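Participant: Sharing a structure here in structure tokens format.
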Amino acid sequence: MAHVFTPATTHDWRIPLGALLLGLLAFYLLALDQGLLLSLVQGNVAFDQNLVHEITHDARHAAGFPCH
Amino acid sequence: MESRSLGSIILSAVIVGLIAGLLVAAFHFVLTEPIIERSIEIESSLRQVQEATAETLLVDRDAQRAGLFLGFLLYGLTWGLLFSVLYHIVQNPLRDMSTFSRSSTLALLTGWSVALFPFLKYPANPPGVGDPETIQYRQTFYLAFIALSVAITCLAFVIQRYLSRPHAAGRSPWSKWAIVLGAYAVPAVLLYIAFPPNPDPVPMPASLVEMFRILSFAGLALFWLAYAVGFAWLAVRAERPERAKNVIFAIKKA
């Protein structure tokens, strides 16, 4: 039987995709950001202040993510 | 068995992830924070000798200690979301497994692949270790290691599933597990050897670094154990009302 795409099945890929992207964003904030995200609003000063990195600092170290 | 909706999976995975994250943050707050404080003291005394520059901190230590909780909530949110997508994808192919063993096995394998095995290659370091110049290099290899670590676990898992199908019934369980273990161990050892080590010097006292690493590893193990148990427990529970409804439906029909 052929599958007919209904609104319900189109939602099927949106939710996992949304969960995937949100999960990757949370991972990025926790583990990777070195100022890039806030540089979008703060400009270059964000790389010096590195606020996201500083706030997640202790968790980055404790969870074993690369940190300086 | 009816497959669970993704919404229900995400909800329980995120809740369990956040609770496990809080648990580990509390663990580190009590046990690891004193070591972090000590490392920062040593680091700043070393730096004063070297540079004699007073660094003004935008985020003070109190905020960073609070950030420990924020960070581990993000950790729980991350793996809650990513794991729920994985579980959603594989719950039908793995429907012959019991709910408990499917959910707990997947969670433990995920924890091993994304956290514990990468830790063995790139163990955690306390503050004071880590050259800002090499951060991008270290992040790149750390991420690539996680990605390949997940890939080889998937491969071994697929082989295990393939061997448990009826056509492989002639093989002894021992030979099957030997194949699966070999299919994991060989690429795992190759991966471990092939990746370059962390290039940074470790100027901190060895006993302090060792203690930090033990606590860090324990924290990761605690997170994934709590996560696996919590998620499996909710997964088993989630099927109960469904079953109860079916029973009521059957009674009404009769």
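Order determines the names: the first chain of the structure tokens is A, the second B, and so forth; residues in each chain are numbered 1 upward, and ligands are numbered 1 upward as they are shown.
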Contacts from chain A to chain B, 10 Å maximum, only C-alpha atoms: show me the residue list as a PDB file with N, CA and C atoms, in the first residue's frame.

Facilitator:
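Saved the output as result01.pdb:
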ATOM      1  N   ASP A  12       6.336  14.199  11.766  1.00  0.00           N
ATOM      2  CA  ASP A  12       7.194  13.147  12.280  1.00  0.00           C
ATOM      3  C   ASP A  12       8.674  13.479  12.168  1.00  0.00           C
ATOM      4  N   ILE A  15       9.822  16.968  14.560  1.00  0.00           N
ATOM      5  CA  ILE A  15      10.101  16.860  16.003  1.00  0.00           C
ATOM      6  C   ILE A  15      11.482  16.256  16.257  1.00  0.00           C
ATOM      7  N   PRO A  16      11.823  15.105  15.617  1.00  0.00           N
ATOM      8  CA  PRO A  16      13.186  14.611  15.853  1.00  0.00           C
ATOM      9  C   PRO A  16      14.261  15.572  15.369  1.00  0.00           C
ATOM     10  N   LEU A  17      13.997  16.264  14.260  1.00  0.00           N
ATOM     11  CA  LEU A  17      14.992  17.222  13.775  1.00  0.00           C
ATOM     12  C   LEU A  17      15.163  18.363  14.780  1.00  0.00           C
ATOM     13  N   GLY A  18      14.027  18.837  15.311  1.00  0.00           N
ATOM     14  CA  GLY A  18      14.084  19.898  16.319  1.00  0.00           C
ATOM     15  C   GLY A  18      14.823  19.445  17.567  1.00  0.00           C
ATOM     16  N   ALA A  19      14.526  18.213  18.011  1.00  0.00           N
ATOM     17  CA  ALA A  19      15.191  17.676  19.196  1.00  0.00           C
ATOM     18  C   ALA A  19      16.687  17.539  18.944  1.00  0.00           C
ATOM     19  N   LEU A  20      17.033  17.083  17.738  1.00  0.00           N
ATOM     20  CA  LEU A  20      18.445  16.915  17.372  1.00  0.00           C
ATOM     21  C   LEU A  20      19.167  18.266  17.400  1.00  0.00           C
ATOM     22  N   LEU A  21      18.555  19.277  16.768  1.00  0.00           N
ATOM     23  CA  LEU A  21      19.218  20.582  16.692  1.00  0.00           C
ATOM     24  C   LEU A  21      19.331  21.226  18.068  1.00  0.00           C
ATOM     25  N   LEU A  22      18.257  21.105  18.858  1.00  0.00           N
ATOM     26  CA  LEU A  22      18.291  21.686  20.206  1.00  0.00           C
ATOM     27  C   LEU A  22      19.338  20.978  21.062  1.00  0.00           C
ATOM     28  N   GLY A  23      19.433  19.662  20.909  1.00  0.00           N
ATOM     29  CA  GLY A  23      20.440  18.896  21.647  1.00  0.00           C
ATOM     30  C   GLY A  23      21.843  19.310  21.251  1.00  0.00           C
ATOM     31  N   LEU A  24      22.057  19.512  19.944  1.00  0.00           N
ATOM     32  CA  LEU A  24      23.387  19.937  19.484  1.00  0.00           C
ATOM     33  C   LEU A  24      23.710  21.346  19.975  1.00  0.00           C
ATOM     34  N   LEU A  25      22.685  22.210  20.032  1.00  0.00           N
ATOM     35  CA  LEU A  25      22.907  23.565  20.545  1.00  0.00           C
ATOM     36  C   LEU A  25      23.313  23.523  22.015  1.00  0.00           C
ATOM     37  N   ALA A  26      22.604  22.701  22.800  1.00  0.00           N
ATOM     38  CA  ALA A  26      22.941  22.579  24.229  1.00  0.00           C
ATOM     39  C   ALA A  26      24.362  22.048  24.388  1.00  0.00           C
ATOM     40  N   PHE A  27      24.720  21.074  23.551  1.00  0.00           N
ATOM     41  CA  PHE A  27      26.079  20.515  23.596  1.00  0.00           C
ATOM     42  C   PHE A  27      27.113  21.583  23.230  1.00  0.00           C
ATOM     43  N   TYR A  28      26.784  22.365  22.220  1.00  0.00           N
ATOM     44  CA  TYR A  28      27.698  23.430  21.786  1.00  0.00           C
ATOM     45  C   TYR A  28      27.935  24.433  22.919  1.00  0.00           C
ATOM     46  N   LEU A  29      26.841  24.835  23.568  1.00  0.00           N
ATOM     47  CA  LEU A  29      26.961  25.810  24.661  1.00  0.00           C
ATOM     48  C   LEU A  29      27.792  25.246  25.803  1.00  0.00           C
ATOM     49  N   LEU A  30      27.526  23.996  26.134  1.00  0.00           N
ATOM     50  CA  LEU A  30      28.223  23.393  27.267  1.00  0.00           C
ATOM     51  C   LEU A  30      29.685  23.128  26.935  1.00  0.00           C
ATOM     52  N   ALA A  31      29.934  22.561  25.758  1.00  0.00           N
ATOM     53  CA  ALA A  31      31.243  21.948  25.527  1.00  0.00           C
ATOM     54  C   ALA A  31      32.155  22.738  24.600  1.00  0.00           C
ATOM     55  N   LEU A  32      31.626  23.546  23.714  1.00  0.00           N
ATOM     56  CA  LEU A  32      32.472  24.046  22.637  1.00  0.00           C
ATOM     57  C   LEU A  32      32.642  25.552  22.557  1.00  0.00           C
ATOM     58  N   GLN A  34      33.528  29.242  22.321  1.00  0.00           N
ATOM     59  CA  GLN A  34      34.657  30.058  22.784  1.00  0.00           C
ATOM     60  C   GLN A  34      34.400  31.529  22.478  1.00  0.00           C
ATOM     61  N   GLN A  49      35.895  38.164  26.237  1.00  0.00           N
ATOM     62  CA  GLN A  49      35.131  37.923  27.466  1.00  0.00           C
ATOM     63  C   GLN A  49      34.798  36.440  27.624  1.00  0.00           C
ATOM     64  N   ASN A  50      34.461  35.792  26.503  1.00  0.00           N
ATOM     65  CA  ASN A  50      34.217  34.358  26.499  1.00  0.00           C
ATOM     66  C   ASN A  50      33.235  33.936  27.592  1.00  0.00           C
ATOM     67  N   LEU A  51      32.091  34.647  27.632  1.00  0.00           N
ATOM     68  CA  LEU A  51      31.169  34.494  28.767  1.00  0.00           C
ATOM     69  C   LEU A  51      30.588  33.091  28.895  1.00  0.00           C
ATOM     70  N   VAL A  52      30.202  32.502  27.757  1.00  0.00           N
ATOM     71  CA  VAL A  52      29.599  31.165  27.815  1.00  0.00           C
ATOM     72  C   VAL A  52      30.603  30.166  28.385  1.00  0.00           C
ATOM     73  N   HIS A  53      31.833  30.285  27.911  1.00  0.00           N
ATOM     74  CA  HIS A  53      32.906  29.416  28.407  1.00  0.00           C
ATOM     75  C   HIS A  53      33.119  29.603  29.914  1.00  0.00           C
ATOM     76  N   GLU A  54      33.134  30.869  30.346  1.00  0.00           N
ATOM     77  CA  GLU A  54      33.413  31.141  31.766  1.00  0.00           C
ATOM     78  C   GLU A  54      32.310  30.603  32.668  1.00  0.00           C
ATOM     79  N   ILE A  55      31.054  30.721  32.211  1.00  0.00           N
ATOM     80  CA  ILE A  55      29.947  30.276  33.067  1.00  0.00           C
ATOM     81  C   ILE A  55      29.902  28.749  33.136  1.00  0.00           C
ATOM     82  N   THR A  56      30.169  28.090  32.006  1.00  0.00           N
ATOM     83  CA  THR A  56      30.124  26.626  32.023  1.00  0.00           C
ATOM     84  C   THR A  56      31.480  26.026  32.419  1.00  0.00           C
ATOM     85  N   HIS A  57      32.417  26.896  32.817  1.00  0.00           N
ATOM     86  CA  HIS A  57      33.809  26.501  33.072  1.00  0.00           C
ATOM     87  C   HIS A  57      33.974  25.243  33.932  1.00  0.00           C
ATOM     88  N   ASP A  58      33.365  25.267  35.119  1.00  0.00           N
ATOM     89  CA  ASP A  58      33.573  24.148  36.051  1.00  0.00           C
ATOM     90  C   ASP A  58      32.997  22.841  35.504  1.00  0.00           C
ATOM     91  N   ALA A  59      31.829  22.954  34.866  1.00  0.00           N
ATOM     92  CA  ALA A  59      31.209  21.744  34.293  1.00  0.00           C
ATOM     93  C   ALA A  59      32.032  21.222  33.128  1.00  0.00           C
ATOM     94  N   ARG A  60      32.612  22.136  32.339  1.00  0.00           N
ATOM     95  CA  ARG A  60      33.475  21.691  31.232  1.00  0.00           C
ATOM     96  C   ARG A  60      34.642  20.875  31.750  1.00  0.00           C
ATOM     97  N   HIS A  61      35.283  21.390  32.771  1.00  0.00           N
ATOM     98  CA  HIS A  61      36.409  20.637  33.333  1.00  0.00           C
ATOM     99  C   HIS A  61      35.940  19.302  33.900  1.00  0.00           C
ATOM    100  N   ALA A  62      34.873  19.351  34.709  1.00  0.00           N
ATOM    101  CA  ALA A  62      34.443  18.141  35.417  1.00  0.00           C
ATOM    102  C   ALA A  62      33.928  17.075  34.453  1.00  0.00           C
ATOM    103  N   ALA A  63      33.314  17.511  33.332  1.00  0.00           N
ATOM    104  CA  ALA A  63      32.784  16.531  32.390  1.00  0.00           C
ATOM    105  C   ALA A  63      33.834  16.096  31.371  1.00  0.00           C
ATOM    106  N   GLY A  64      35.032  16.661  31.468  1.00  0.00           N
ATOM    107  CA  GLY A  64      36.129  16.191  30.626  1.00  0.00           C
ATOM    108  C   GLY A  64      36.221  16.840  29.260  1.00  0.00           C
ATOM    109  N   PHE A  65      35.487  17.942  29.052  1.00  0.00           N
ATOM    110  CA  PHE A  65      35.591  18.614  27.759  1.00  0.00           C
ATOM    111  C   PHE A  65      36.868  19.450  27.697  1.00  0.00           C
ATOM    112  N   PRO A  66      37.434  19.604  26.496  1.00  0.00           N
ATOM    113  CA  PRO A  66      38.633  20.424  26.374  1.00  0.00           C
ATOM    114  C   PRO A  66      38.379  21.849  26.870  1.00  0.00           C
ATOM    115  N   CYS A  67      39.289  22.358  27.665  1.00  0.00           N
ATOM    116  CA  CYS A  67      39.121  23.668  28.295  1.00  0.00           C
ATOM    117  C   CYS A  67      40.513  24.243  28.473  1.00  0.00           C
ATOM    118  N   HIS A  68      40.575  25.543  28.691  1.00  0.00           N
ATOM    119  CA  HIS A  68      41.922  26.057  28.958  1.00  0.00           C
ATOM    120  C   HIS A  68      42.023  26.556  30.381  1.00  0.00           C
TER     121      HIS A  68
END

Participant: Going by DSSP on the backbone, which residues of chain A come out as helix (DSSP H, G or I)? List them as a PyMOL selection string.

Facilitator: chain A and resi 7-32+36-42+45-49+51-55+57-63

Participant: Residues at most 10 Å from region 163-165 of chain B, counting only C-alpha atoms, excluding those fewer than 3 positions away in the same chain, as a list in words?

Facilitator: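 In the requested format, the answer is Phe157, Val158, Ile159, Gln160, Ala168, Ala169, Arg171, Pro173, Ser175, Lys176, Trp177, Ile179 and Val180 of chain B.
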
Participant: I need the chosen residues saved as an mmCIF file, in the first residue's frame, with N, CA, C and O atoms.

Facilitator:
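Result saved to selection_3.cif:
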data_model
loop_
_atom_site.group_PDB
_atom_site.id
_atom_site.type_symbol
_atom_site.label_atom_id
_atom_site.label_comp_id
_atom_site.auth_asym_id
_atom_site.auth_seq_id
_atom_site.Cartn_x
_atom_site.Cartn_y
_atom_site.Cartn_z
ATOM 1 N N PHE B 157 27.104 -3.238 17.357
ATOM 2 C CA PHE B 157 25.720 -3.491 17.738
ATOM 3 C C PHE B 157 24.942 -4.107 16.577
ATOM 4 O O PHE B 157 24.183 -5.070 16.762
ATOM 5 N N VAL B 158 25.151 -3.574 15.386
ATOM 6 C CA VAL B 158 24.475 -4.109 14.192
ATOM 7 C C VAL B 158 24.916 -5.553 13.957
ATOM 8 O O VAL B 158 24.089 -6.430 13.652
ATOM 9 N N ILE B 159 26.206 -5.833 14.120
ATOM 10 C CA ILE B 159 26.698 -7.201 13.945
ATOM 11 C C ILE B 159 26.061 -8.128 14.988
ATOM 12 O O ILE B 159 25.633 -9.245 14.667
ATOM 13 N N GLN B 160 25.952 -7.639 16.210
ATOM 14 C CA GLN B 160 25.332 -8.453 17.262
ATOM 15 C C GLN B 160 23.874 -8.767 16.908
ATOM 16 O O GLN B 160 23.417 -9.892 17.067
ATOM 17 N N ALA B 168 21.345 -17.393 12.017
ATOM 18 C CA ALA B 168 22.633 -17.629 12.666
ATOM 19 C C ALA B 168 22.488 -18.568 13.858
ATOM 20 O O ALA B 168 23.367 -18.682 14.688
ATOM 21 N N ALA B 169 21.332 -19.263 13.930
ATOM 22 C CA ALA B 169 21.062 -20.077 15.116
ATOM 23 C C ALA B 169 22.063 -21.218 15.272
ATOM 24 O O ALA B 169 22.261 -21.728 16.371
ATOM 25 N N ARG B 171 25.249 -21.117 15.105
ATOM 26 C CA ARG B 171 26.476 -20.738 15.809
ATOM 27 C C ARG B 171 26.289 -20.837 17.315
ATOM 28 O O ARG B 171 25.222 -20.574 17.834
ATOM 29 N N PRO B 173 26.623 -19.537 21.136
ATOM 30 C CA PRO B 173 26.600 -18.177 21.707
ATOM 31 C C PRO B 173 28.009 -17.648 21.936
ATOM 32 O O PRO B 173 28.260 -16.454 21.777
ATOM 33 N N SER B 175 30.757 -18.208 20.181
ATOM 34 C CA SER B 175 31.392 -17.707 18.960
ATOM 35 C C SER B 175 30.747 -16.391 18.529
ATOM 36 O O SER B 175 31.407 -15.487 18.041
ATOM 37 N N LYS B 176 29.429 -16.273 18.769
ATOM 38 C CA LYS B 176 28.760 -15.014 18.422
ATOM 39 C C LYS B 176 29.336 -13.849 19.223
ATOM 40 O O LYS B 176 29.645 -12.798 18.687
ATOM 41 N N TRP B 177 29.472 -14.070 20.534
ATOM 42 C CA TRP B 177 29.972 -12.971 21.370
ATOM 43 C C TRP B 177 31.436 -12.672 21.080
ATOM 44 O O TRP B 177 31.871 -11.519 21.170
ATOM 45 N N ILE B 179 32.769 -12.885 18.143
ATOM 46 C CA ILE B 179 32.756 -12.059 16.927
ATOM 47 C C ILE B 179 32.401 -10.608 17.262
ATOM 48 O O ILE B 179 33.051 -9.667 16.814
ATOM 49 N N VAL B 180 31.355 -10.446 18.090
ATOM 50 C CA VAL B 180 30.907 -9.096 18.433
ATOM 51 C C VAL B 180 32.007 -8.344 19.190
ATOM 52 O O VAL B 180 32.316 -7.184 18.877
#

Participant: Please, what distance in Å, to one decimal, runs between CA of Tyr192 (chain B) and CA of Arg161 (chain B)?

Facilitator: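 Straight-line distance from CA of Tyr192 (chain B) to CA of Arg161 (chain B) works out to 24.9 Å.
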
Participant: What is the CA of Leu155 (chain B) to CA of Val186 (chain B) distance in Å?

Facilitator: 11.8 Å
